[in-house]
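One file, coords_16.csv, is given below (CSV, C-alpha atoms).
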chain,number,residue,atom,x,y,z
O,12,MET,CA,5.0,0.9,3.5
O,13,GLN,CA,2.9,1.0,6.6
O,14,ASP,CA,-0.2,-0.8,5.5
O,15,ILE,CA,-1.5,-3.3,2.9
O,16,SER,CA,-3.5,-0.7,0.9
O,17,LEU,CA,-0.3,1.2,0.2
O,18,HIS,CA,1.2,-2.0,-1.2
O,19,LEU,CA,-2.0,-2.4,-3.2
O,20,LEU,CA,-1.7,1.0,-4.7
O,21,ASP,CA,1.9,0.2,-5.6
O,22,ILE,CA,0.8,-3.0,-7.4
O,23,ILE,CA,-2.0,-1.1,-9.2
O,24,GLU,CA,0.6,1.4,-10.4
O,25,ASN,CA,2.7,-1.5,-11.8
O,26,SER,CA,-0.4,-2.7,-13.7
O,27,VAL,CA,-0.9,0.8,-15.2
O,28,ARG,CA,2.8,1.0,-16.1
O,29,ALA,CA,2.4,-2.4,-17.9
O,30,GLN,CA,-0.2,-0.7,-20.1
O,31,ALA,CA,-3.2,-2.5,-18.6
O,32,ARG,CA,-6.6,-1.3,-19.9
O,33,HIS,CA,-8.5,-3.2,-17.3
O,34,VAL,CA,-7.5,-3.9,-13.7
O,35,LYS,CA,-9.6,-6.1,-11.5
O,36,ILE,CA,-9.0,-5.7,-7.7
O,37,ARG,CA,-10.5,-8.1,-5.2
O,38,VAL,CA,-10.1,-7.6,-1.5
O,39,MET,CA,-11.5,-10.5,0.6
O,40,ASN,CA,-12.0,-10.6,4.3
O,41,LEU,CA,-12.4,-14.3,4.9
O,42,SER,CA,-13.0,-14.2,8.6
O,43,ALA,CA,-14.0,-17.9,8.9
O,44,GLU,CA,-10.8,-19.0,7.3
O,45,ASN,CA,-8.7,-16.4,9.1
O,46,ARG,CA,-7.5,-15.0,5.8
O,47,LEU,CA,-7.3,-11.6,4.3
O,48,ARG,CA,-6.8,-12.0,0.5
O,49,ILE,CA,-5.9,-9.5,-2.2
O,50,ILE,CA,-6.1,-10.4,-5.8
O,51,VAL,CA,-5.0,-8.0,-8.6
O,52,GLU,CA,-5.5,-9.1,-12.2
O,53,ASP,CA,-4.5,-7.0,-15.2
O,54,ASP,CA,-4.4,-7.3,-18.9
O,55,GLY,CA,-1.1,-5.5,-19.3
O,56,THR,CA,2.0,-6.6,-21.1
O,57,GLY,CA,2.8,-9.5,-18.7
O,58,MET,CA,6.1,-11.0,-18.0
O,59,ASP,CA,8.0,-14.1,-19.1
O,60,THR,CA,9.2,-16.6,-16.5
O,61,GLU,CA,12.6,-15.0,-16.1
O,62,THR,CA,11.2,-11.5,-15.6
O,63,LEU,CA,8.6,-12.8,-13.2
O,64,ALA,CA,11.3,-14.4,-11.0
O,65,MET,CA,13.4,-11.3,-11.1
O,66,ALA,CA,10.4,-9.1,-10.2
O,67,GLN,CA,10.3,-10.8,-6.9
O,68,ASP,CA,14.0,-10.2,-6.4
O,69,PRO,CA,14.8,-7.0,-4.5
O,70,PHE,CA,17.6,-6.1,-6.9
O,71,TYR,CA,15.6,-6.2,-10.1
O,72,THR,CA,13.6,-3.4,-11.8
O,73,SER,CA,11.9,-3.0,-15.2
O,74,LYS,CA,11.8,0.7,-14.8
O,75,GLY,CA,14.7,1.3,-17.2
O,76,GLU,CA,14.6,5.1,-17.0
O,77,ARG,CA,15.1,5.1,-13.3
O,78,VAL,CA,18.4,6.2,-11.8
O,79,LYS,CA,18.3,3.7,-9.0
O,80,LYS,CA,18.1,0.2,-10.3
O,81,VAL,CA,16.2,-1.5,-7.5
O,82,GLY,CA,12.5,-2.2,-7.5
O,83,LEU,CA,11.5,-2.9,-3.9
O,84,GLY,CA,7.7,-2.8,-4.2
O,85,ILE,CA,7.0,-6.4,-5.0
O,86,PRO,CA,9.7,-8.0,-2.8
O,87,LEU,CA,8.5,-5.9,0.2
O,88,PHE,CA,4.9,-6.9,-0.3
O,89,LYS,CA,5.9,-10.5,-0.5
O,90,GLN,CA,8.0,-10.3,2.6
O,91,ASN,CA,5.2,-8.6,4.5
O,92,ALA,CA,2.8,-11.3,3.5
O,93,GLU,CA,5.1,-14.1,4.5
O,94,LEU,CA,5.8,-12.5,7.8
O,95,SER,CA,2.2,-12.9,8.7
O,96,ASN,CA,2.1,-16.6,7.8
O,97,GLY,CA,0.6,-15.6,4.4
O,98,SER,CA,1.5,-16.3,0.9
O,99,PHE,CA,2.4,-14.4,-2.3
O,100,GLN,CA,1.8,-15.7,-5.8
O,101,MET,CA,2.4,-14.0,-9.1
O,102,ALA,CA,1.4,-15.5,-12.4
O,103,SER,CA,2.0,-13.9,-15.7
O,104,GLU,CA,1.9,-14.5,-19.4
O,105,PRO,CA,3.5,-12.1,-21.9
O,106,GLY,CA,0.8,-10.4,-24.0
O,107,PHE,CA,-2.0,-11.5,-21.7
O,108,GLY,CA,-1.4,-9.9,-18.3
O,109,THR,CA,-0.5,-10.6,-14.7
O,110,VAL,CA,-2.4,-12.0,-11.7
O,111,LEU,CA,-1.2,-11.4,-8.2
O,112,THR,CA,-2.7,-13.2,-5.2
O,113,VAL,CA,-1.6,-12.2,-1.7
O,114,ASP,CA,-2.8,-13.9,1.5
O,115,PHE,CA,-2.4,-12.7,5.0
O,116,GLU,CA,-3.3,-14.5,8.2
O,117,LEU,CA,-6.1,-12.2,9.5
O,118,ASP,CA,-5.3,-12.4,13.3
O,119,HIS,CA,-1.5,-12.8,13.0
O,120,ILE,CA,0.3,-10.4,15.3
O,121,ASP,CA,2.7,-9.3,12.6
O,122,ARG,CA,0.1,-8.6,9.9
O,123,MET,CA,0.1,-5.0,8.7
O,124,PRO,CA,-3.3,-3.3,8.9
O,125,LEU,CA,-5.3,-3.0,5.7
O,126,GLY,CA,-5.2,0.8,6.1
O,127,ASN,CA,-7.0,3.4,4.0
O,128,LEU,CA,-8.4,1.2,1.2
O,129,LYS,CA,-10.7,4.0,0.1
O,130,ALA,CA,-7.8,6.5,-0.5
O,131,THR,CA,-6.0,3.8,-2.5
O,132,LEU,CA,-9.0,3.0,-4.7
O,133,LEU,CA,-10.2,6.5,-5.2
O,134,GLY,CA,-6.8,7.8,-6.2
O,135,ALA,CA,-6.2,5.0,-8.6
O,136,ILE,CA,-9.6,5.2,-10.2
O,137,VAL,CA,-9.6,9.0,-10.6
O,138,GLY,CA,-5.9,9.3,-11.3
O,139,HIS,CA,-6.1,6.8,-14.2
O,140,PRO,CA,-9.2,7.6,-16.3
O,141,GLU,CA,-7.7,5.6,-19.2
O,142,VAL,CA,-7.9,2.4,-17.2
O,143,ASP,CA,-11.2,0.6,-16.4
O,144,PHE,CA,-11.3,-0.8,-12.8
O,145,SER,CA,-13.4,-3.6,-11.4
O,146,VAL,CA,-13.4,-3.5,-7.6
O,147,ILE,CA,-14.8,-6.4,-5.7
O,148,LEU,CA,-14.9,-6.3,-1.9
O,149,TYR,CA,-16.0,-9.5,-0.2
O,150,TYR,CA,-16.7,-10.4,3.4
O,151,ARG,CA,-17.5,-13.8,4.8
O,152,ASP,CA,-17.8,-15.2,8.3
O,153,LEU,CA,-19.7,-18.2,9.7
O,154,ALA,CA,-22.9,-16.2,9.9
O,155,ARG,CA,-23.0,-14.0,6.8
O,156,GLU,CA,-21.6,-13.1,3.5
O,157,GLN,CA,-21.5,-9.6,2.0
O,158,SER,CA,-20.1,-8.3,-1.3
O,159,PHE,CA,-19.6,-5.0,-3.1
O,160,HIS,CA,-19.0,-4.7,-6.8
O,161,PHE,CA,-17.9,-1.5,-8.5
O,162,GLU,CA,-17.3,-1.0,-12.2
O,163,THR,CA,-15.7,2.2,-13.4
O,164,ALA,CA,-16.5,1.5,-17.1
O,165,ALA,CA,-20.2,2.0,-16.4
O,166,ILE,CA,-19.6,5.3,-14.6
O,167,LYS,CA,-17.4,6.6,-17.5
O,168,GLU,CA,-20.0,5.6,-20.0
O,169,GLU,CA,-22.7,7.5,-18.1
O,170,LEU,CA,-20.5,10.5,-17.7
O,171,GLY,CA,-19.6,10.9,-21.3
O,172,ASP,CA,-17.0,13.8,-21.6
O,173,ILE,CA,-17.3,14.8,-18.0
O,174,PRO,CA,-13.9,14.0,-16.3
O,175,LEU,CA,-13.6,11.8,-13.2
O,176,THR,CA,-12.0,14.7,-11.4
O,177,TYR,CA,-15.2,16.8,-11.6
O,178,PRO,CA,-16.0,17.6,-8.0
O,179,ASP,CA,-19.4,15.9,-7.8
O,180,VAL,CA,-18.0,12.8,-9.5
O,181,ILE,CA,-15.2,12.6,-6.9
O,182,GLU,CA,-17.8,12.7,-4.2
O,183,TYR,CA,-19.9,10.1,-6.0
O,184,ILE,CA,-17.1,7.6,-6.2
O,185,ASP,CA,-15.9,8.4,-2.7
O,186,GLN,CA,-19.3,7.8,-1.2
O,187,SER,CA,-19.9,4.6,-3.3
O,188,LEU,CA,-16.6,3.2,-2.1
O,189,ASN,CA,-17.3,4.2,1.4
O,190,GLU,CA,-20.6,2.3,1.4
O,191,GLY,CA,-18.9,-0.8,0.0
O,192,ILE,CA,-16.1,-0.6,2.5
O,193,GLN,CA,-18.5,-0.3,5.4
O,194,ASN,CA,-20.9,-3.1,4.2
O,195,THR,CA,-18.0,-5.5,3.8
O,196,ASN,CA,-16.3,-4.8,7.1
O,197,MET,CA,-13.1,-3.5,5.5
O,198,GLU,CA,-12.7,-0.7,8.1
O,199,ASN,CA,-10.2,-1.2,10.9
O,200,VAL,CA,-9.1,-4.5,9.5
L,107,MET,CA,-27.1,3.9,-2.1
L,108,LYS,CA,-25.6,5.6,-5.1
L,109,THR,CA,-27.0,4.8,-8.4
L,110,LEU,CA,-26.2,5.5,-12.0
L,111,ALA,CA,-29.2,7.9,-12.1
L,112,ASP,CA,-27.3,10.1,-9.7
L,113,LEU,CA,-24.5,10.3,-12.3
L,114,LYS,CA,-27.0,11.4,-14.9
L,115,LYS,CA,-27.9,14.4,-12.8
L,116,ILE,CA,-24.2,15.2,-12.3
L,117,ARG,CA,-23.6,15.0,-16.0
L,118,GLU,CA,-26.4,17.3,-16.8
L,119,LYS,CA,-25.2,19.8,-14.2
L,120,ALA,CA,-21.6,19.6,-15.4
L,121,GLN,CA,-22.6,20.0,-19.0
L,122,GLU,CA,-24.5,23.2,-18.2
L,123,GLU,CA,-21.4,24.5,-16.4
L,124,MET,CA,-19.1,23.6,-19.2
L,125,LYS,CA,-21.3,25.5,-21.7
L,126,LEU,CA,-21.0,28.6,-19.6
L,127,ARG,CA,-17.2,28.6,-19.2
L,128,GLY,CA,-16.1,26.9,-22.5
L,129,GLY,CA,-15.3,23.5,-21.0
L,130,ASN,CA,-11.5,23.8,-20.9
L,131,VAL,CA,-9.2,22.3,-18.3
L,132,ARG,CA,-7.2,25.2,-16.9
L,133,ILE,CA,-4.7,23.2,-14.7
L,134,LYS,CA,-3.5,19.7,-14.8
L,135,ILE,CA,-2.0,18.2,-11.6
L,136,VAL,CA,0.2,15.1,-11.9
L,137,VAL,CA,1.0,13.3,-8.7
L,138,GLY,CA,4.1,11.0,-8.8
L,139,MET,CA,2.9,7.6,-7.5
L,140,GLY,CA,6.0,5.4,-7.8
L,141,THR,CA,7.1,3.0,-5.0
L,142,SER,CA,9.2,5.6,-3.2
L,143,GLY,CA,6.5,8.3,-3.6
L,144,ILE,CA,3.9,6.0,-2.1
L,145,ALA,CA,6.2,5.1,0.8
L,146,MET,CA,6.8,8.9,1.4
L,147,GLY,CA,3.1,9.8,1.5
L,148,ALA,CA,2.0,10.4,-2.1
L,149,ARG,CA,-1.4,8.7,-1.6
L,150,GLU,CA,-2.3,11.3,1.1
L,151,VAL,CA,-1.1,14.0,-1.2
L,152,MET,CA,-3.4,12.7,-3.9
L,153,LYS,CA,-6.3,12.3,-1.4
L,154,THR,CA,-5.9,15.9,-0.2
L,155,PHE,CA,-5.9,17.2,-3.8
L,156,LEU,CA,-9.2,15.3,-4.4
L,157,GLU,CA,-10.7,16.6,-1.2
L,158,GLU,CA,-9.8,20.2,-2.0
L,159,ILE,CA,-11.2,19.9,-5.5
L,160,SER,CA,-14.4,18.5,-4.2
L,161,ASN,CA,-14.7,21.0,-1.3
L,162,ARG,CA,-13.8,24.1,-3.3
L,163,ASN,CA,-15.8,22.9,-6.3
L,164,LEU,CA,-12.9,23.3,-8.7
L,165,THR,CA,-14.4,22.3,-12.0
L,166,ASP,CA,-11.6,23.2,-14.4
L,167,VAL,CA,-8.8,21.1,-12.8
L,168,LEU,CA,-7.6,17.6,-13.7
L,169,VAL,CA,-5.6,15.3,-11.4
L,170,THR,CA,-3.8,12.2,-12.6
L,171,GLN,CA,-1.2,9.8,-11.1
L,172,THR,CA,2.1,8.8,-12.7
L,173,GLY,CA,5.1,6.6,-12.0
L,174,GLU,CA,8.5,7.6,-10.7
L,175,LYS,CA,10.3,10.5,-12.2
L,176,GLY,CA,13.8,10.2,-10.8
L,177,LEU,CA,13.3,12.7,-8.0
L,178,SER,CA,13.3,10.0,-5.3
L,179,SER,CA,14.9,12.3,-2.7
L,180,MET,CA,12.1,14.9,-3.0
L,181,GLU,CA,9.1,12.6,-3.0
L,182,PRO,CA,6.2,13.1,-2.9
L,183,VAL,CA,6.5,15.1,-6.1
L,184,VAL,CA,3.7,16.9,-7.9
L,185,ASP,CA,3.6,18.7,-11.3
L,186,LEU,CA,1.3,21.6,-12.1
L,187,ILE,CA,0.8,22.1,-15.8
L,188,GLU,CA,-1.0,25.2,-17.1
L,189,GLU,CA,-1.3,26.0,-20.8
L,190,GLY,CA,1.2,28.6,-22.0
L,191,LYS,CA,3.2,28.5,-18.8
L,192,PRO,CA,6.3,26.5,-17.8
L,193,LYS,CA,5.6,23.4,-15.8
L,194,VAL,CA,6.0,23.8,-12.0
L,195,THR,CA,7.3,20.8,-9.9
L,196,TYR,CA,6.6,20.8,-6.2
L,197,GLY,CA,8.6,18.4,-4.0
L,198,ASN,CA,8.5,17.0,-0.5
L,199,MET,CA,4.8,17.5,-0.5
L,200,ASN,CA,2.3,16.7,2.3
L,201,PRO,CA,-1.4,17.4,2.9
L,202,GLU,CA,-0.7,20.9,4.5
L,203,LYS,CA,1.5,21.9,1.6
L,204,VAL,CA,-1.2,20.7,-0.9
L,205,LYS,CA,-3.8,22.9,0.8
L,206,LYS,CA,-1.5,25.9,0.4
L,207,VAL,CA,-0.7,25.1,-3.2
L,208,VAL,CA,-4.4,24.8,-4.0
L,209,VAL,CA,-5.2,28.2,-2.5
L,210,GLU,CA,-2.2,30.0,-3.7
L,211,HIS,CA,-1.4,28.5,-7.0
L,212,ILE,CA,-4.6,26.9,-8.3
L,213,VAL,CA,-7.1,29.4,-7.0
L,214,ASN,CA,-5.1,32.6,-6.9
L,215,GLY,CA,-2.5,32.0,-9.6
L,216,ARG,CA,0.6,32.6,-7.5
L,217,VAL,CA,3.4,29.9,-7.5
L,218,VAL,CA,4.4,28.8,-4.0
L,219,SER,CA,8.2,29.2,-4.6
L,220,ASP,CA,9.2,27.7,-1.2
L,221,TYR,CA,8.0,24.3,-2.3
L,222,VAL,CA,9.2,24.4,-6.0
L,223,VAL,CA,12.0,21.9,-6.8
L,224,ALA,CA,12.0,22.3,-10.6
L,225,THR,CA,10.4,24.4,-13.4
L,226,GLY,CA,10.1,24.1,-17.2
L,227,ASP,CA,10.0,20.8,-19.2

Would you mind giving the structure from this file in structure tokens?
Amino acid sequence: MQDISLHLLDIIENSVRAQARHVKIRVMNLSAENRLRIIVEDDGTGMDTETLAMAQDPFYTSKGERVKKVGLGIPLFKQNAELSNGSFQMASEPGFGTVLTVDFELDHIDRMPLGNLKATLLGAIVGHPEVDFSVILYYRDLAREQSFHFETAAIKEELGDIPLTYPDVIEYIDQSLNEGIQNTNMENV
Amino acid sequence: MKTLADLKKIREKAQEEMKLRGGNVRIKIVVGMGTSGIAMGAREVMKTFLEEISNRNLTDVLVTQTGEKGLSSMEPVVDLIEEGKPKVTYGNMNPEKVKKVVVEHIVNGRVVSDYVVATGD
């Protein structure tokens, strides 16, 4: 993976695979603390302590149907966070869901770029109409604070039986995310 | 700033269109979004499909994302599912190939055999 938002997409796909109905995604640019923080919270099947430990091990996978028995997504994300003096925490409870908190040191030389956050969010939202997403983007430096909040449940309610892949709806979500990303300084991070 | 009122307008417009053409989804596109797919460029494939649908105003197409399908060596992988026709799986996809599949297969109904890696269920 070349950037953080690709890792984020991988994590969101894990949540969907764990039958989450609601996925809350927070991306926080904490400039004053020199931190870039990603939090993904789902209400999927969750994991017990043993599975949780194994999920962070490069030679473990829960995708039983797969030919290759290695799940590298989570271990690679963890490694990339730790390489930039960050941290990686995963907490989970069977039947309740999983919370993943990943920190990067913002100005660390080895930190991967955030990348195309909009493509990650747009694809996940439109590609999983059965899942409700809450997206929160947050920026804070010494002088100001900005936040953006996006709830797909409200959009789906307003749309009724019109699919999220309807051209004008794609454009609507695309532009909304774009505004949020610009207002919270998530471009070129 | 986008508001929910904008969505209401979109819904009214879409409902009018659906009345005219019967409201059926003609083609379903499924983009494989497992770890290896993402690492090989599946997100850009998804992004290009969405751009093309939006730019060409394709109102009878659905796109979804799914996990790994055991075709890791051919990622990114995309399924095109049409009612009454065998499923077509395209492999080693990239944005350029997506554009071609949209024009040839989705708009003109001709399978792009060069990119097909599997057919049927």

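Rounded to one decimal, atom CA of O:Leu41 and atom CA of O:Val142 lie 28.1 Å from each other.
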
Which residues of chain O are close to chain L, meaning at most 9 Å apart when you count all atoms listed in the file, and how do they look as a ChimeraX atom specification?
/O:12-13,17-18,20-21,24-25,27-28,74,76-79,82-84,130-131,133-135,137-140,165-166,169-184,186-187,190

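Across the structure, atom CA of O:Leu132 and atom CA of L:Thr195 are spaced 24.7 Å apart.
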
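Those residues that approach O:Ser145 to within 6 Å, counting all atoms listed in the file, are Lys35, Phe161 and Glu162 of chain O; same-chain residues fewer than 6 positions away are not listed.
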
How about saving the chosen residues, C-alpha atoms kept, as a CSV table (one decimal), keeping the file's coordinate frame?
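Printed below is result.csv as written:
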chain,number,residue,atom,x,y,z
O,35,LYS,CA,-9.6,-6.1,-11.5
O,161,PHE,CA,-17.9,-1.5,-8.5
O,162,GLU,CA,-17.3,-1.0,-12.2

Skipping near chain neighbours, those fewer than 5 positions away, what residues fall within 10 Å of L:Ala224 using only C-alpha atoms, listed as a list in words?
Asp185, Lys193, Val194, Thr195, Tyr196, Gly197 and Ser219 of chain L

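The closest residue to O:Met123, picked from O:Leu94, O:Ala66, O:Ala164, O:Met197 and counting all atoms listed in the file, is O:Leu94.
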
Name the closest residue to O:Ser158 among the candidates O:Gln90, O:Ser16, O:Asn40, O:Asn199; distances are taken between atoms, counting all atoms listed in the file.
O:Asn40

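Using all atoms listed in the file for every distance, the candidate list L:Met199, L:Leu126, L:Ile187, L:Val209 yields L:Met199 as the residue closest to L:Val223.
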
Separation of atom CA of O:Asp54 from atom CA of O:Val34 in Å
6.9 Å

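Take the candidates O:Leu111, O:Val51, O:Ile22, O:Ile192 and check each one against O:Asn127 using only C-alpha atoms; the shortest distance goes to O:Ile192.
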
List the neighbours of L:Gly190 out to 12 Å using only C-alpha atoms; skip same-chain residues closer than 5 positions along the sequence, and give me the result as a ChimeraX atom specification.
/L:132-133,226

I need the residues from that last selection saved to file as an mmCIF file, in the coordinates of the input (with C-alpha atoms), if you can.
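To be explicit, this is the file written out as selection35.cif:
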data_model
loop_
_atom_site.group_PDB
_atom_site.id
_atom_site.type_symbol
_atom_site.label_atom_id
_atom_site.label_comp_id
_atom_site.auth_asym_id
_atom_site.auth_seq_id
_atom_site.Cartn_x
_atom_site.Cartn_y
_atom_site.Cartn_z
ATOM 1 C CA ARG L 132 -7.200 25.200 -16.900
ATOM 2 C CA ILE L 133 -4.700 23.200 -14.700
ATOM 3 C CA GLY L 226 10.100 24.100 -17.200
#

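Nearest-residue note for O:Thr112: choosing from O:Asp14, O:Glu198, O:Asp143, O:Glu52, the minimum distance belongs to O:Glu52, counting all atoms listed in the file.
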
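Using all atoms listed in the file, the residues found no farther than 12 Å from O:Glu61, other than those of its own chain fewer than 4 positions away, are Gly57, Met65, Ala66, Gln67, Asp68, Tyr71, Ala102, Ser103, Glu104 and Pro105 of chain O.
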
Residues around (-6.6, -10.8, 4.4), cut-off 6 Å, counting only C-alpha atoms - what are they as an mmCIF file with C-alpha atoms, in the coordinates of the input?
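File produced: out_23.cif:
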data_model
loop_
_atom_site.group_PDB
_atom_site.id
_atom_site.type_symbol
_atom_site.label_atom_id
_atom_site.label_comp_id
_atom_site.auth_asym_id
_atom_site.auth_seq_id
_atom_site.Cartn_x
_atom_site.Cartn_y
_atom_site.Cartn_z
ATOM 1 C CA ASN O 40 -12.000 -10.600 4.300
ATOM 2 C CA ARG O 46 -7.500 -15.000 5.800
ATOM 3 C CA LEU O 47 -7.300 -11.600 4.300
ATOM 4 C CA ARG O 48 -6.800 -12.000 0.500
ATOM 5 C CA ASP O 114 -2.800 -13.900 1.500
ATOM 6 C CA PHE O 115 -2.400 -12.700 5.000
ATOM 7 C CA LEU O 117 -6.100 -12.200 9.500
#

Of the candidates L:Glu202, L:Glu123, L:Lys191, L:Glu181, which shows the shortest atom-to-atom distance to L:Gly215, using only C-alpha atoms?
L:Lys191

Output stretch 116-202 of chain L from the block with C-alpha atoms, as a CSV table (one decimal), in the first residue's frame?
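Contents of decode38.csv, as written:
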chain,number,residue,atom,x,y,z
L,116,ILE,CA,-32.1,14.6,-7.4
L,117,ARG,CA,-34.7,12.2,-6.1
L,118,GLU,CA,-37.6,13.9,-8.0
L,119,LYS,CA,-35.5,13.9,-11.2
L,120,ALA,CA,-34.5,10.3,-10.8
L,121,GLN,CA,-38.0,9.1,-10.0
L,122,GLU,CA,-39.3,10.8,-13.2
L,123,GLU,CA,-36.6,9.0,-15.2
L,124,MET,CA,-37.4,5.7,-13.6
L,125,LYS,CA,-41.0,6.0,-14.5
L,126,LEU,CA,-40.0,6.5,-18.1
L,127,ARG,CA,-37.7,3.5,-18.4
L,128,GLY,CA,-39.3,1.1,-15.9
L,129,GLY,CA,-36.7,1.5,-13.1
L,130,ASN,CA,-34.7,-1.7,-13.6
L,131,VAL,CA,-31.0,-2.1,-13.0
L,132,ARG,CA,-29.6,-3.3,-16.3
L,133,ILE,CA,-26.0,-4.1,-15.3
L,134,LYS,CA,-24.3,-4.7,-11.9
L,135,ILE,CA,-20.6,-4.1,-11.6
L,136,VAL,CA,-18.8,-5.7,-8.7
L,137,VAL,CA,-15.3,-4.5,-7.9
L,138,GLY,CA,-13.1,-6.9,-5.8
L,139,MET,CA,-11.7,-4.8,-2.9
L,140,GLY,CA,-9.7,-7.3,-0.9
L,141,THR,CA,-6.2,-6.4,0.4
L,142,SER,CA,-4.4,-7.6,-2.7
L,143,GLY,CA,-6.9,-5.9,-5.0
L,144,ILE,CA,-6.5,-2.6,-3.1
L,145,ALA,CA,-2.7,-2.9,-3.3
L,146,MET,CA,-2.9,-3.6,-7.1
L,147,GLY,CA,-5.1,-0.5,-7.8
L,148,ALA,CA,-8.7,-1.6,-7.2
L,149,ARG,CA,-9.6,1.8,-5.6
L,150,GLU,CA,-8.6,3.6,-8.8
L,151,VAL,CA,-10.7,1.1,-10.8
L,152,MET,CA,-13.7,1.8,-8.6
L,153,LYS,CA,-13.1,5.5,-8.8
L,154,THR,CA,-13.0,5.4,-12.7
L,155,PHE,CA,-16.2,3.4,-12.8
L,156,LEU,CA,-17.9,6.0,-10.7
L,157,GLU,CA,-16.5,8.9,-12.8
L,158,GLU,CA,-17.7,7.2,-16.0
L,159,ILE,CA,-21.2,6.6,-14.6
L,160,SER,CA,-21.4,10.2,-13.5
L,161,ASN,CA,-20.0,11.7,-16.7
L,162,ARG,CA,-22.0,9.5,-19.1
L,163,ASN,CA,-25.1,9.7,-17.0
L,164,LEU,CA,-25.6,6.0,-16.8
L,165,THR,CA,-28.7,5.7,-14.7
L,166,ASP,CA,-29.3,1.9,-15.0
L,167,VAL,CA,-26.0,0.7,-13.6
L,168,LEU,CA,-25.1,-0.4,-10.1
L,169,VAL,CA,-21.6,-0.6,-8.6
L,170,THR,CA,-20.6,-2.4,-5.4
L,171,GLN,CA,-17.4,-3.5,-3.7
L,172,THR,CA,-16.7,-7.0,-2.5
L,173,GLY,CA,-13.9,-8.9,-0.8
L,174,GLU,CA,-11.2,-11.2,-2.2
L,175,LYS,CA,-12.3,-13.8,-4.7
L,176,GLY,CA,-9.3,-16.1,-4.9
L,177,LEU,CA,-8.0,-14.5,-8.2
L,178,SER,CA,-5.1,-12.7,-6.5
L,179,SER,CA,-2.8,-13.0,-9.4
L,180,MET,CA,-5.3,-11.2,-11.7
L,181,GLU,CA,-6.2,-8.3,-9.4
L,182,PRO,CA,-7.9,-5.8,-9.8
L,183,VAL,CA,-10.8,-8.0,-10.7
L,184,VAL,CA,-14.3,-6.8,-11.8
L,185,ASP,CA,-17.5,-8.8,-12.4
L,186,LEU,CA,-20.2,-7.6,-14.8
L,187,ILE,CA,-23.5,-9.1,-14.2
L,188,GLU,CA,-26.4,-8.7,-16.6
L,189,GLU,CA,-29.8,-10.4,-16.2
L,190,GLY,CA,-30.1,-13.5,-18.5
L,191,LYS,CA,-26.4,-13.5,-19.4
L,192,PRO,CA,-23.4,-15.3,-18.0
L,193,LYS,CA,-21.3,-13.3,-15.6
L,194,VAL,CA,-18.2,-11.8,-17.1
L,195,THR,CA,-15.1,-11.4,-15.0
L,196,TYR,CA,-12.4,-8.9,-16.1
L,197,GLY,CA,-8.9,-9.1,-14.6
L,198,ASN,CA,-5.8,-7.0,-14.3
L,199,MET,CA,-7.9,-3.9,-14.6
L,200,ASN,CA,-6.8,-0.3,-14.6
L,201,PRO,CA,-8.5,3.0,-15.3
L,202,GLU,CA,-7.8,2.9,-19.0
